[in-house]
file work16.tsv (TSV, C-alpha atoms and all ligand atoms)
chain	number	residue	atom	x	y	z
A	171	MET	CA	109.50	173.56	-59.76
A	172	THR	CA	108.58	173.03	-56.11
A	173	ALA	CA	105.09	171.83	-55.14
A	174	ASN	CA	104.17	175.28	-53.83
A	175	ALA	CA	105.55	177.14	-56.83
A	176	TRP	CA	103.49	175.25	-59.41
A	177	ALA	CA	100.35	175.42	-57.26
A	178	SER	CA	100.48	179.17	-56.71
A	179	SER	CA	101.07	179.90	-60.38
A	180	HIS	CA	98.63	177.38	-61.92
A	181	LEU	CA	95.87	176.33	-59.51
A	182	ASP	CA	92.43	177.89	-59.99
A	183	ARG	CA	93.54	179.49	-63.23
A	184	ILE	CA	92.80	178.98	-66.90
A	185	PHE	CA	95.83	179.40	-69.11
A	186	LEU	CA	95.14	181.35	-72.32
A	187	GLY	CA	97.07	179.28	-74.87
A	188	ASP	CA	97.91	175.77	-76.01
A	189	CYS	CA	97.37	173.01	-73.44
A	190	ALA	CA	100.70	171.43	-74.48
A	191	GLU	CA	102.45	174.51	-73.13
A	192	LEU	CA	100.54	174.35	-69.84
A	193	LEU	CA	101.04	170.60	-69.40
A	194	ALA	CA	104.80	170.93	-69.91
A	195	GLN	CA	104.92	173.22	-66.85
A	196	LEU	CA	103.20	170.77	-64.50
A	197	PRO	CA	105.04	168.30	-62.24
A	198	ASP	CA	104.33	164.55	-62.30
A	199	GLY	CA	101.39	163.25	-60.27
A	200	CYS	CA	99.79	166.59	-59.34
A	201	VAL	CA	96.14	166.19	-60.40
A	202	ASP	CA	93.35	163.90	-59.16
A	203	LEU	CA	91.11	164.03	-62.20
A	204	VAL	CA	91.33	164.91	-65.88
A	205	VAL	CA	87.98	165.55	-67.55
A	206	SER	CA	87.61	166.98	-71.02
A	207	SER	CA	85.88	167.06	-74.36
A	208	PRO	CA	88.65	167.59	-76.89
A	209	PRO	CA	88.10	169.47	-80.15
A	210	TYR	CA	87.64	167.33	-83.27
A	211	ASN	CA	87.47	169.75	-86.12
A	212	LEU	CA	89.18	167.43	-88.58
A	213	GLY	CA	89.81	167.36	-92.27
A	214	LYS	CA	90.41	171.05	-92.82
A	215	GLU	CA	93.84	171.03	-94.26
A	216	TYR	CA	94.36	167.72	-95.90
A	217	GLU	CA	92.49	164.63	-96.93
A	218	ALA	CA	90.29	163.53	-94.00
A	219	LYS	CA	91.94	160.15	-93.39
A	220	ARG	CA	95.36	161.68	-92.93
A	221	ALA	CA	93.88	164.48	-90.86
A	222	LEU	CA	92.35	161.88	-88.56
A	223	GLU	CA	95.67	160.07	-88.05
A	224	ALA	CA	97.45	163.38	-87.41
A	225	TYR	CA	94.73	164.40	-84.98
A	226	LEU	CA	94.95	161.13	-83.05
A	227	GLU	CA	98.73	161.45	-82.87
A	228	GLU	CA	98.40	164.95	-81.46
A	229	GLN	CA	95.73	163.84	-78.99
A	230	GLY	CA	97.98	160.93	-77.98
A	231	ARG	CA	100.70	163.42	-77.03
A	232	VAL	CA	98.26	165.50	-74.93
A	233	LEU	CA	96.93	162.33	-73.28
A	234	GLY	CA	100.48	161.13	-72.53
A	235	GLU	CA	101.08	164.37	-70.65
A	236	CYS	CA	97.71	164.09	-68.86
A	237	VAL	CA	98.65	160.62	-67.67
A	238	ARG	CA	102.05	161.87	-66.47
A	239	VAL	CA	100.47	164.62	-64.35
A	240	LEU	CA	97.74	162.31	-62.97
A	241	LYS	CA	98.19	160.93	-59.45
A	242	SER	CA	98.34	157.14	-59.12
A	243	THR	CA	94.81	157.21	-57.58
A	244	GLY	CA	93.54	159.48	-60.35
A	245	SER	CA	90.98	159.12	-63.15
A	246	LEU	CA	90.59	160.41	-66.68
A	247	PHE	CA	87.28	161.04	-68.47
A	248	TRP	CA	87.46	161.72	-72.23
A	249	GLN	CA	84.20	162.67	-73.96
A	250	VAL	CA	84.05	162.16	-77.71
A	251	GLY	CA	81.43	161.75	-80.41
A	252	ALA	CA	81.65	160.46	-83.93
A	253	PHE	CA	83.50	161.95	-86.85
A	254	ALA	CA	82.01	161.44	-90.31
A	255	ASP	CA	83.94	161.76	-93.55
A	256	ARG	CA	81.48	162.00	-96.44
A	257	GLY	CA	79.08	159.62	-94.72
A	258	VAL	CA	81.78	157.20	-93.51
A	259	LEU	CA	81.59	156.90	-89.72
A	260	VAL	CA	84.56	156.98	-87.33
A	261	PRO	CA	83.34	156.50	-83.73
A	262	LEU	CA	86.16	158.35	-82.02
A	263	ASP	CA	85.96	156.48	-78.71
A	264	VAL	CA	86.89	153.30	-80.58
A	265	ARG	CA	90.06	155.01	-81.80
A	266	PHE	CA	90.83	156.56	-78.40
A	267	PHE	CA	90.41	153.32	-76.45
A	268	PRO	CA	93.68	151.68	-77.58
A	269	ILE	CA	95.59	154.95	-77.17
A	270	LEU	CA	94.52	155.15	-73.53
A	271	GLU	CA	95.27	151.47	-72.91
A	272	GLU	CA	98.72	151.91	-74.47
A	273	LEU	CA	99.36	154.66	-71.94
A	274	GLY	CA	98.85	152.10	-69.18
A	275	LEU	CA	95.40	153.30	-68.06
A	276	ILE	CA	92.72	150.86	-66.93
A	277	PRO	CA	89.24	151.10	-68.48
A	278	ARG	CA	86.35	151.49	-65.99
A	279	ASN	CA	83.31	152.58	-67.97
A	280	ARG	CA	82.18	153.49	-71.44
A	281	ILE	CA	79.37	155.90	-70.62
A	282	MET	CA	76.76	156.64	-73.25
A	283	TRP	CA	75.59	160.24	-73.21
A	284	VAL	CA	72.25	159.98	-74.98
A	285	ARG	CA	70.51	162.78	-76.85
A	286	GLN	CA	66.82	163.02	-77.60
A	287	HIS	CA	67.34	165.41	-80.48
A	288	GLY	CA	69.89	166.17	-83.16
A	289	LEU	CA	70.52	166.08	-86.90
A	290	HIS	CA	68.31	163.71	-88.87
A	291	GLY	CA	70.09	161.12	-91.01
A	292	ALA	CA	68.68	160.57	-94.50
A	293	ARG	CA	70.84	157.55	-95.43
A	294	LYS	CA	71.64	156.15	-91.98
A	295	PHE	CA	70.16	156.06	-88.46
A	296	SER	CA	70.29	159.48	-86.81
A	297	CYS	CA	73.12	159.65	-84.28
A	298	ARG	CA	71.77	160.06	-80.74
A	299	HIS	CA	74.71	159.40	-78.44
A	300	GLU	CA	78.28	160.31	-77.62
A	301	ALA	CA	80.71	158.35	-75.48
A	302	ILE	CA	82.55	159.28	-72.30
A	303	LEU	CA	85.49	156.98	-71.63
A	304	TRP	CA	86.54	156.57	-68.01
A	305	PHE	CA	89.98	155.18	-67.27
A	306	SER	CA	91.82	155.06	-63.94
A	307	LYS	CA	95.57	155.13	-63.46
A	308	SER	CA	95.61	152.15	-61.07
A	309	ASN	CA	93.24	149.81	-59.27
A	310	ASP	CA	93.45	152.06	-56.23
A	311	TYR	CA	91.09	154.76	-57.54
A	312	ILE	CA	88.40	156.92	-55.92
A	313	PHE	CA	84.71	156.17	-56.53
A	314	ASN	CA	82.35	157.97	-54.13
A	315	LEU	CA	79.08	156.32	-55.10
A	316	ASP	CA	77.17	157.87	-52.18
A	317	ALA	CA	77.85	161.36	-53.53
A	318	ILE	CA	76.03	160.70	-56.80
A	319	ARG	CA	73.18	158.29	-56.02
A	320	VAL	CA	69.87	158.96	-57.78
A	321	PRO	CA	66.34	158.05	-56.56
A	322	GLN	CA	65.32	154.39	-56.79
A	323	LYS	CA	62.51	153.59	-59.19
A	324	TYR	CA	60.78	151.33	-56.62
A	325	GLN	CA	61.65	152.88	-53.30
A	326	ASN	CA	59.84	150.61	-50.85
A	327	LYS	CA	60.49	147.21	-52.37
A	328	LYS	CA	61.12	144.66	-49.60
A	329	ALA	CA	62.43	141.09	-49.59
A	330	TRP	CA	59.46	138.70	-49.29
A	331	ARG	CA	61.37	135.64	-48.14
A	332	GLY	CA	64.69	134.47	-46.71
A	333	GLU	CA	66.80	135.97	-43.95
A	334	LYS	CA	66.19	139.53	-45.18
A	335	LYS	CA	62.40	139.12	-45.35
A	336	GLY	CA	60.69	142.49	-44.73
A	337	GLN	CA	63.87	144.48	-45.25
A	338	LEU	CA	64.35	146.97	-48.07
A	339	THR	CA	65.97	145.32	-51.07
A	340	CYS	CA	67.26	148.59	-52.47
A	341	HIS	CA	69.64	151.16	-51.04
A	342	PRO	CA	67.56	153.75	-49.13
A	343	ASP	CA	69.78	156.60	-50.31
A	344	GLY	CA	69.22	155.83	-53.98
A	345	LYS	CA	70.80	153.83	-56.75
A	346	ASN	CA	73.89	153.91	-58.90
A	347	PRO	CA	73.01	156.14	-61.89
A	348	GLY	CA	74.35	153.61	-64.40
A	349	ASP	CA	76.28	154.24	-67.60
A	350	ILE	CA	73.51	155.73	-69.72
A	351	TRP	CA	73.31	159.45	-69.09
A	352	LEU	CA	70.79	161.88	-70.45
A	353	PHE	CA	71.83	165.32	-69.33
A	354	ARG	CA	70.16	167.81	-71.65
A	355	ASN	CA	72.51	169.21	-74.24
A	356	VAL	CA	73.43	172.85	-73.61
A	357	LYS	CA	71.54	174.36	-76.54
A	358	HIS	CA	68.46	176.54	-77.05
A	359	ASN	CA	66.80	177.74	-73.86
A	360	HIS	CA	69.29	176.02	-71.57
A	361	GLU	CA	70.11	178.47	-68.80
A	362	GLU	CA	73.83	177.55	-68.94
A	363	GLN	CA	74.25	178.31	-72.64
A	364	THR	CA	77.04	180.76	-73.49
A	365	ILE	CA	78.45	181.74	-76.90
A	366	HIS	CA	80.43	178.47	-76.92
A	367	PRO	CA	78.91	175.97	-79.40
A	368	CYS	CA	79.58	172.77	-77.44
A	369	GLN	CA	79.57	173.18	-73.67
A	370	PHE	CA	79.32	170.42	-71.11
A	371	PRO	CA	76.16	170.56	-68.95
A	372	GLU	CA	77.27	171.42	-65.39
A	373	ASP	CA	75.38	168.45	-63.90
A	374	LEU	CA	77.28	166.01	-66.09
A	375	VAL	CA	80.62	167.39	-64.92
A	376	ALA	CA	79.40	167.44	-61.31
A	377	ARG	CA	78.59	163.70	-61.44
A	378	ILE	CA	82.17	163.01	-62.54
A	379	VAL	CA	83.86	165.41	-60.13
A	380	LEU	CA	81.86	164.31	-57.07
A	381	SER	CA	82.27	160.60	-57.72
A	382	THR	CA	85.99	160.54	-58.49
A	383	THR	CA	87.55	163.27	-56.33
A	384	SER	CA	87.44	164.33	-52.70
A	385	GLU	CA	87.14	167.87	-51.41
A	386	GLY	CA	90.29	169.87	-52.06
A	387	GLY	CA	91.20	167.63	-55.03
A	388	VAL	CA	92.65	169.02	-58.26
A	389	VAL	CA	90.74	168.79	-61.56
A	390	LEU	CA	92.36	169.44	-64.94
A	391	ASP	CA	90.63	170.20	-68.24
A	392	PRO	CA	93.21	170.74	-70.99
A	393	PHE	CA	90.45	172.01	-73.37
A	394	MET	CA	88.47	174.34	-71.12
A	395	GLY	CA	86.16	175.99	-73.68
A	396	ALA	CA	83.64	178.08	-71.72
A	397	GLY	CA	85.09	176.85	-68.41
A	398	THR	CA	82.38	174.41	-67.26
A	399	VAL	CA	84.88	172.10	-65.54
A	400	ALA	CA	86.39	175.09	-63.70
A	401	VAL	CA	83.02	176.42	-62.53
A	402	VAL	CA	81.76	173.04	-61.31
A	403	SER	CA	85.05	172.13	-59.57
A	404	ARG	CA	85.16	175.48	-57.79
A	405	ASP	CA	81.48	175.20	-56.76
A	406	HIS	CA	82.18	171.82	-55.14
A	407	GLY	CA	85.30	172.80	-53.23
A	408	ARG	CA	87.85	171.37	-55.69
A	409	HIS	CA	90.77	173.18	-57.35
A	410	PHE	CA	90.87	173.44	-61.13
A	411	LEU	CA	93.32	174.24	-63.89
A	412	GLY	CA	93.28	174.09	-67.64
A	413	ALA	CA	93.89	175.81	-70.95
A	414	GLU	CA	91.91	177.43	-73.75
A	415	THR	CA	93.36	178.80	-76.98
A	416	GLU	CA	90.44	180.98	-78.08
A	417	PRO	CA	90.46	184.37	-76.29
A	418	ARG	CA	86.66	184.84	-76.55
A	419	TYR	CA	85.94	181.46	-74.89
A	420	HIS	CA	88.62	182.13	-72.30
A	421	GLU	CA	86.91	185.44	-71.54
A	422	VAL	CA	83.52	183.72	-71.14
A	423	ALA	CA	85.07	181.20	-68.73
A	424	MET	CA	86.59	184.00	-66.65
A	425	ARG	CA	83.27	185.87	-66.54
A	426	ARG	CA	81.45	182.68	-65.46
A	427	LEU	CA	83.96	182.20	-62.69
A	428	LYS	CA	83.70	185.82	-61.49
A	429	GLY	CA	79.90	185.60	-61.48
A	430	VAL	CA	79.37	189.38	-61.46
A	431	PRO	CA	77.94	191.64	-64.20
A	432	ASN	CA	80.32	193.52	-66.50
A	433	LYS	CA	80.16	197.31	-66.85
A	434	SER	CA	77.05	197.04	-69.07
A	435	GLY	CA	75.28	194.79	-66.53
A	436	ARG	CA	75.77	191.75	-68.73
A	437	PHE	CA	76.50	188.07	-67.86
A	438	PRO	CA	77.92	185.26	-70.01
A	439	ASN	CA	74.77	183.15	-69.53
A	440	LEU	CA	71.36	183.16	-67.87
A	441	LYS	CA	72.46	180.84	-65.06
A	442	THR	CA	75.25	183.15	-63.87
A	443	LEU	CA	72.80	186.06	-64.05
A	444	ARG	CA	70.11	184.26	-62.01
A	445	ASP	CA	72.66	183.08	-59.42
A	446	TYR	CA	73.89	186.63	-58.98
A	447	ALA	CA	70.36	188.10	-58.72
A	448	GLU	CA	69.42	185.48	-56.09
A	449	ARG	CA	72.64	186.02	-54.15
A	450	THR	CA	72.28	189.79	-54.05
A	451	GLY	CA	68.46	189.96	-53.84
A	452	THR	CA	68.28	192.16	-56.95
A	453	PRO	CA	65.68	191.77	-59.75
A	454	VAL	CA	66.79	189.74	-62.80
A	455	ALA	CA	65.33	192.44	-65.08
A	456	ARG	CA	68.16	194.76	-64.07
A	457	TYR	CA	70.66	192.65	-66.05
A	458	SER	CA	71.12	191.02	-69.45
A	459	PHE	CA	73.12	188.05	-70.80
A	460	ASP	CA	75.11	187.43	-73.99
A	461	LEU	CA	72.59	185.31	-75.90
A	462	GLN	CA	69.46	187.03	-74.67
A	463	VAL	CA	66.66	187.22	-77.23
A	464	GLY	CA	63.68	188.40	-75.16
A	465	GLU	CA	63.34	191.86	-73.68
A	466	SER	CA	64.27	190.79	-70.17
A	467	PRO	CA	65.65	187.63	-68.51
A	468	THR	CA	63.18	185.38	-66.69
A	469	ASP	CA	63.25	184.55	-63.03
A	470	ARG	CA	64.42	181.02	-62.12
A	471	ARG	CA	61.23	180.42	-60.11
A	472	ARG	CA	59.26	180.78	-63.33
A	473	ALA	CA	61.55	178.52	-65.34
A	474	ARG	CA	60.89	174.85	-65.97
A	475	ILE	CA	64.12	173.03	-65.16
A	476	TYR	CA	63.87	169.24	-65.10
A	477	PRO	CA	66.38	166.84	-63.54
A	478	GLU	CA	68.13	164.17	-65.61
A	479	GLU	CA	65.71	161.44	-64.43
A	480	HIS	CA	62.80	163.29	-66.01
A	481	HIS	CA	64.48	163.26	-69.42
A	482	LEU	CA	65.53	159.61	-69.02
A	483	GLU	CA	61.96	158.58	-68.25
A	484	ALA	CA	60.59	160.61	-71.14
A	485	LEU	CA	63.13	158.98	-73.47
A	486	GLU	CA	62.35	155.51	-72.16
A	487	GLN	CA	58.63	156.11	-72.77
A	488	ARG	CA	59.26	157.49	-76.22
A	489	LEU	CA	61.53	154.57	-77.25
A	490	SER	CA	58.98	152.03	-75.96
A	491	TYR	CA	56.27	153.81	-77.91
A	492	GLU	CA	58.37	153.87	-81.09
A	493	GLU	CA	59.07	150.13	-80.80
A	494	MET	CA	55.38	149.36	-80.26
A	495	ALA	CA	54.40	151.58	-83.18
A	496	PHE	CA	56.96	149.84	-85.40
A	497	ALA	CA	55.75	146.38	-84.33
A	498	ALA	CA	52.13	147.39	-85.01
A	499	LYS	CA	52.97	148.82	-88.43
A	500	ARG	CA	55.08	145.80	-89.41
A	501	THR	CA	52.30	143.38	-88.52
A	502	GLY	CA	49.51	145.41	-90.13
A	503	GLN	CA	47.89	146.47	-86.83
A	504	GLN	CA	46.59	149.90	-86.03
A	505	VAL	CA	49.48	152.17	-85.02
A	506	PRO	CA	48.90	153.55	-81.50
A	507	VAL	CA	48.93	157.27	-80.79
A	508	ASP	CA	51.82	158.50	-78.68
A	509	PRO	CA	50.24	159.95	-75.51
A	510	MET	CA	52.98	162.57	-75.47
A	511	VAL	CA	52.67	163.59	-79.12
A	512	ASN	CA	53.19	167.34	-79.56
A	513	GLY	CA	54.43	167.55	-75.99
A	514	GLY	CA	51.29	165.90	-74.59
A	515	CYS	CA	48.83	168.07	-76.53
A	516	GLY	CA	47.82	165.34	-78.98
A	517	PRO	CA	47.84	165.32	-82.79
A	518	ALA	CA	46.98	168.68	-84.35
A	519	ARG	CA	43.70	167.44	-85.81
A	520	GLU	CA	42.41	165.27	-82.95
A	521	SER	CA	39.28	166.23	-81.05
A	522	GLY	CA	39.42	168.24	-77.84
A	523	ARG	CA	38.04	165.27	-75.85
A	524	ARG	CA	40.81	162.91	-76.98
A	525	ARG	CA	43.39	165.60	-76.52
A	526	ARG	CA	42.33	166.15	-72.91
A	527	ALA	CA	42.43	162.41	-72.30
A	528	SER	CA	46.01	162.18	-73.58
A	529	MET	CA	47.08	165.06	-71.34
A	530	ASP	CA	45.89	163.16	-68.26
A	531	GLY	CA	49.05	161.05	-68.45
A	532	PRO	CA	50.68	158.43	-70.61
A	533	THR	CA	48.29	155.77	-71.89
A	534	LEU	CA	49.73	152.31	-72.29
A	535	PHE	CA	49.01	150.66	-75.58
A	536	ASP	CA	49.44	147.02	-76.42
A	537	ALA	CA	51.06	146.04	-79.68
A	538	THR	CA	47.67	145.95	-81.39
A	539	GLY	CA	47.03	149.57	-80.52
A	540	ARG	CA	44.35	148.78	-77.89
A	541	SER	CA	44.69	150.88	-74.77
A	601	LIG	C1	84.78	170.84	-77.18
A	601	LIG	S1	85.39	172.35	-76.62
A	601	LIG	C2	85.35	172.19	-74.88
A	601	LIG	C3	84.11	172.76	-74.27
A	601	LIG	C4	84.09	172.65	-72.76
A	601	LIG	N1	83.97	171.27	-72.34
A	601	LIG	C5	82.97	173.48	-72.13
A	601	LIG	O1	82.19	172.96	-71.34
A	601	LIG	O2	82.88	174.66	-72.47
A	601	LIG	C6	87.08	172.23	-76.99
A	601	LIG	C7	87.82	173.55	-76.75
A	601	LIG	O3	89.23	173.31	-76.88
A	601	LIG	C8	89.82	174.49	-77.40
A	601	LIG	N2	91.14	174.09	-77.93
A	601	LIG	C9	91.43	173.55	-79.14
A	601	LIG	N3	92.75	173.23	-79.23
A	601	LIG	C10	93.30	173.58	-78.03
A	601	LIG	C11	94.60	173.46	-77.47
A	601	LIG	N4	95.62	172.95	-78.19
A	601	LIG	N5	94.80	173.88	-76.20
A	601	LIG	C12	93.79	174.40	-75.47
A	601	LIG	N6	92.52	174.52	-75.95
A	601	LIG	C13	92.28	174.11	-77.20
A	601	LIG	C14	88.81	175.00	-78.41
A	601	LIG	O4	88.97	176.38	-78.66
A	601	LIG	C15	87.47	174.66	-77.71
A	601	LIG	O5	86.97	175.75	-77.02
call {"tool": "encode", "arguments": {"input": "work16.tsv", "output": "structure tokens"}}
result
Amino acid sequence: MTANAWASSHLDRIFLGDCAELLAQLPDGCVDLVVSSPPYNLGKEYEAKRALEAYLEEQGRVLGECVRVLKSTGSLFWQVGAFADRGVLVPLDVRFFPILEELGLIPRNRIMWVRQHGLHGARKFSCRHEAILWFSKSNDYIFNLDAIRVPQKYQNKKAWRGEKKGQLTCHPDGKNPGDIWLFRNVKHNHEEQTIHPCQFPEDLVARIVLSTTSEGGVVLDPFMGAGTVAVVSRDHGRHFLGAETEPRYHEVAMRRLKGVPNKSGRFPNLKTLRDYAERTGTPVARYSFDLQVGESPTDRRRARIYPEEHHLEALEQRLSYEEMAFAAKRTGQQVPVDPMVNGGCGPARESGRRRRASMDGPTLFDATGRS
């Protein structure tokens, strides 16, 4: 197939069917980035251990094809969580790592995607992270740090001695976001939520796309789901392609990409609805979306949407508090009150005066519980 022929029949499209079939139609070295979260519904047909080996073999074949179609300057991001078989843990990234190395890829980062909430373990620590493995095909890979800098914590810090005395010690455009990410999971009340049970947050995909591709680049997601990788790539001037086997998820992805209401005035999620209402200057109340529970959708201006840094800071504060509380309890000291308990409203039974005090902002407690 000539370069033009494959591009016109596959670029900016989502194939309804098995990704193996799509990959087989692509020429070598045609994509700049592969980013995906593969399915891992294991253990359905046979004993879980065998199912896991069969699954990894199948994933190895898909990954082999992804590597073949990747350009020599390209990158691959594979997002996986943990698989548990009757309480026995298999962290999937540990099993994927050697597969990717065997394929000749070079590891760059093991990103931890941290969650504040999730299922509570009764006989083990509750799992609060998933991994995103980043591998490049060669040492000549793209990394546009400037496109994804985040605000510095101390923005005006200056050198106080030496040749650079008086100069800013940090980059004025912001810092490298690091390898701990806290994009809010696309669940309840998230404006991007569609009927798909495990979508990527758009911001997470945008960080990957912007840092590892240039405008006009080609992004492949072999397991498209609700089409997040397609939507984000398109919105940032990149081409996309991918596959999805489930017709109802494929349909959601196509509706997200079209961004217009269907005949009943309905959108696949609240975000697509709000974007359309803002673009056309029409009231949000005129439309509805698939998972709507209230009578009418809310306007974006009235919604509280926090950036990733907000959630990271809240998590940092919460973890510090939990460690202090544990230290106090272990040493028989008074356990401090979390200033953000009940979302900053204080314990249910505390007095109004204390509650107001805790809402004024986080109080720092020392390990003895004294503030
Ligand atoms: C974890 S989800 C991906 C969700 C996606 N990242 C998003 O943001 O919506 C994995 C998807 O792969 C699809 N899938 C499973 N096996 C497939 C295959 N062989 N080819 C293409 N898609 C497949 C599933 O139906 C599911 O929607």
call {"tool": "closest_residue", "arguments": {"input": "work16.tsv", "among": "A:Glu228, A:Glu300, A:Glu465, A:Asp255", "to": "ligand LIG 601 (chain A)", "atoms": "only C-alpha atoms and all ligand atoms"}}
result
A:Glu228
call {"tool": "residues_near_ligand", "arguments": {"input": "work16.tsv", "ligand": "ligand LIG 601 (chain A)", "cutoff": "8 Å", "atoms": "only C-alpha atoms and all ligand atoms", "output": "NGL selection string"}}
result
:A and (186-190 or 206-210 or 366-372 or 391-399 or 412-416 or 419 or 423)
call {"tool": "closest_residue", "arguments": {"input": "work16.tsv", "among": "A:Gln286, A:Asn211, A:Gln503, A:Gln363", "to": "Val250 of chain A", "atoms": "only C-alpha atoms"}}
result
A:Asn211
call {"tool": "atom_distance", "arguments": {"input": "work16.tsv", "atom1": "atom CA of Phe185 of chain A", "atom2": "atom CA of Gly407 of chain A"}}
result
20.2 Å
call {"tool": "closest_residue", "arguments": {"input": "work16.tsv", "among": "A:Pro261, A:Leu273, A:Thr501, A:Arg354", "to": "Val232 of chain A", "atoms": "only C-alpha atoms"}}
result
A:Leu273
call {"tool": "closest_residue", "arguments": {"input": "work16.tsv", "among": "A:Phe353, A:Phe247, A:Phe437, A:Phe295", "to": "His481 of chain A", "atoms": "all atoms listed in the file"}}
result
A:Phe353
call {"tool": "residues_near_point", "arguments": {"input": "work16.tsv", "point": "(77.3, 154.4, -59.6)", "cutoff": "9 Å", "atoms": "all atoms listed in the file", "output": "list in words"}}
result
Phe313, Asn314, Leu315, Asp316, Ile318, Arg319, Val320, Lys345, Asn346, Pro347, Gly348, Asp349 and Ser381 of chain A
call {"tool": "atom_distance", "arguments": {"input": "work16.tsv", "atom1": "atom CA of Leu259 of chain A", "atom2": "atom CA of Gly230 of chain A"}}
result
20.6 Å
call {"tool": "closest_residue", "arguments": {"input": "work16.tsv", "among": "A:Ala495, A:Leu352, A:Leu246, A:Leu233", "to": "His299 of chain A", "atoms": "only C-alpha atoms"}}
result
A:Leu352
call {"tool": "closest_residue", "arguments": {"input": "work16.tsv", "among": "A:Arg444, A:Lys219, A:His360, A:Lys241", "to": "Thr383 of chain A", "atoms": "all atoms listed in the file"}}
result
A:Lys241
call {"tool": "residues_around", "arguments": {"input": "work16.tsv", "residues": "Val401 of chain A", "least_positions_apart": "4", "cutoff": "8 Å", "atoms": "all atoms listed in the file", "output": "ChimeraX atom specification"}}
result
/A:397,405,426-427
call {"tool": "atom_distance", "arguments": {"input": "work16.tsv", "atom1": "atom CA of Gly257 of chain A", "atom2": "atom CA of His290 of chain A"}}
result
12.9 Å
call {"tool": "residues_around", "arguments": {"input": "work16.tsv", "residues": "Lys307 of chain A", "least_positions_apart": "3", "cutoff": "8 Å", "atoms": "all atoms listed in the file", "output": "PyMOL selection string"}}
result
chain A and resi 237+240-246+274-276+311
call {"tool": "axis_aligned_box", "arguments": {"input": "work16.tsv", "around": "segment 452-471 of chain A", "padding_each_side": "6 Å", "output": "lines of an AutoDock Vina configuration file"}}
result
center_x = 68.2
center_y = 187.6
center_z = -67.1
size_x = 25.9
size_y = 26.3
size_z = 32.3
call {"tool": "residues_near_point", "arguments": {"input": "work16.tsv", "point": "(70.9, 158.8, -93.1)", "cutoff": "12 Å", "atoms": "all atoms listed in the file", "output": "PyMOL selection string"}}
result
chain A and resi 254+256-259+289-297
call {"tool": "build_atoms", "arguments": {"input": "work16.tsv", "residues": "segment 334-345 of chain A", "atoms": "N, CA and C atoms", "output": "PDB file, keeping the file's coordinate frame"}}
result
ATOM      1  N   LYS A 334      66.418 138.074 -45.118  1.00  0.00           N
ATOM      2  CA  LYS A 334      66.190 139.530 -45.180  1.00  0.00           C
ATOM      3  C   LYS A 334      64.722 139.875 -45.395  1.00  0.00           C
ATOM      4  N   LYS A 335      63.837 138.909 -45.151  1.00  0.00           N
ATOM      5  CA  LYS A 335      62.400 139.120 -45.350  1.00  0.00           C
ATOM      6  C   LYS A 335      61.944 140.405 -44.622  1.00  0.00           C
ATOM      7  N   GLY A 336      61.215 141.257 -45.347  1.00  0.00           N
ATOM      8  CA  GLY A 336      60.690 142.490 -44.730  1.00  0.00           C
ATOM      9  C   GLY A 336      61.653 143.659 -44.816  1.00  0.00           C
ATOM     10  N   GLN A 337      62.906 143.370 -45.166  1.00  0.00           N
ATOM     11  CA  GLN A 337      63.870 144.480 -45.250  1.00  0.00           C
ATOM     12  C   GLN A 337      63.885 145.059 -46.672  1.00  0.00           C
ATOM     13  N   LEU A 338      64.267 146.325 -46.745  1.00  0.00           N
ATOM     14  CA  LEU A 338      64.350 146.970 -48.070  1.00  0.00           C
ATOM     15  C   LEU A 338      65.365 146.241 -48.940  1.00  0.00           C
ATOM     16  N   THR A 339      65.011 146.010 -50.199  1.00  0.00           N
ATOM     17  CA  THR A 339      65.970 145.320 -51.070  1.00  0.00           C
ATOM     18  C   THR A 339      66.852 146.333 -51.803  1.00  0.00           C
ATOM     19  N   CYS A 340      66.439 147.604 -51.758  1.00  0.00           N
ATOM     20  CA  CYS A 340      67.260 148.590 -52.470  1.00  0.00           C
ATOM     21  C   CYS A 340      67.893 149.555 -51.473  1.00  0.00           C
ATOM     22  N   HIS A 341      68.923 150.223 -51.918  1.00  0.00           N
ATOM     23  CA  HIS A 341      69.640 151.160 -51.040  1.00  0.00           C
ATOM     24  C   HIS A 341      68.727 152.344 -50.731  1.00  0.00           C
ATOM     25  N   PRO A 342      68.496 152.661 -49.454  1.00  0.00           N
ATOM     26  CA  PRO A 342      67.560 153.750 -49.130  1.00  0.00           C
ATOM     27  C   PRO A 342      68.017 155.125 -49.623  1.00  0.00           C
ATOM     28  N   ASP A 343      69.305 155.285 -49.856  1.00  0.00           N
ATOM     29  CA  ASP A 343      69.780 156.600 -50.310  1.00  0.00           C
ATOM     30  C   ASP A 343      69.769 156.748 -51.835  1.00  0.00           C
ATOM     31  N   GLY A 344      69.287 155.719 -52.528  1.00  0.00           N
ATOM     32  CA  GLY A 344      69.220 155.830 -53.980  1.00  0.00           C
ATOM     33  C   GLY A 344      70.136 154.834 -54.665  1.00  0.00           C
ATOM     34  N   LYS A 345      70.052 154.843 -56.006  1.00  0.00           N
ATOM     35  CA  LYS A 345      70.800 153.830 -56.750  1.00  0.00           C
ATOM     36  C   LYS A 345      71.975 154.430 -57.527  1.00  0.00           C
TER      37      LYS A 345
END
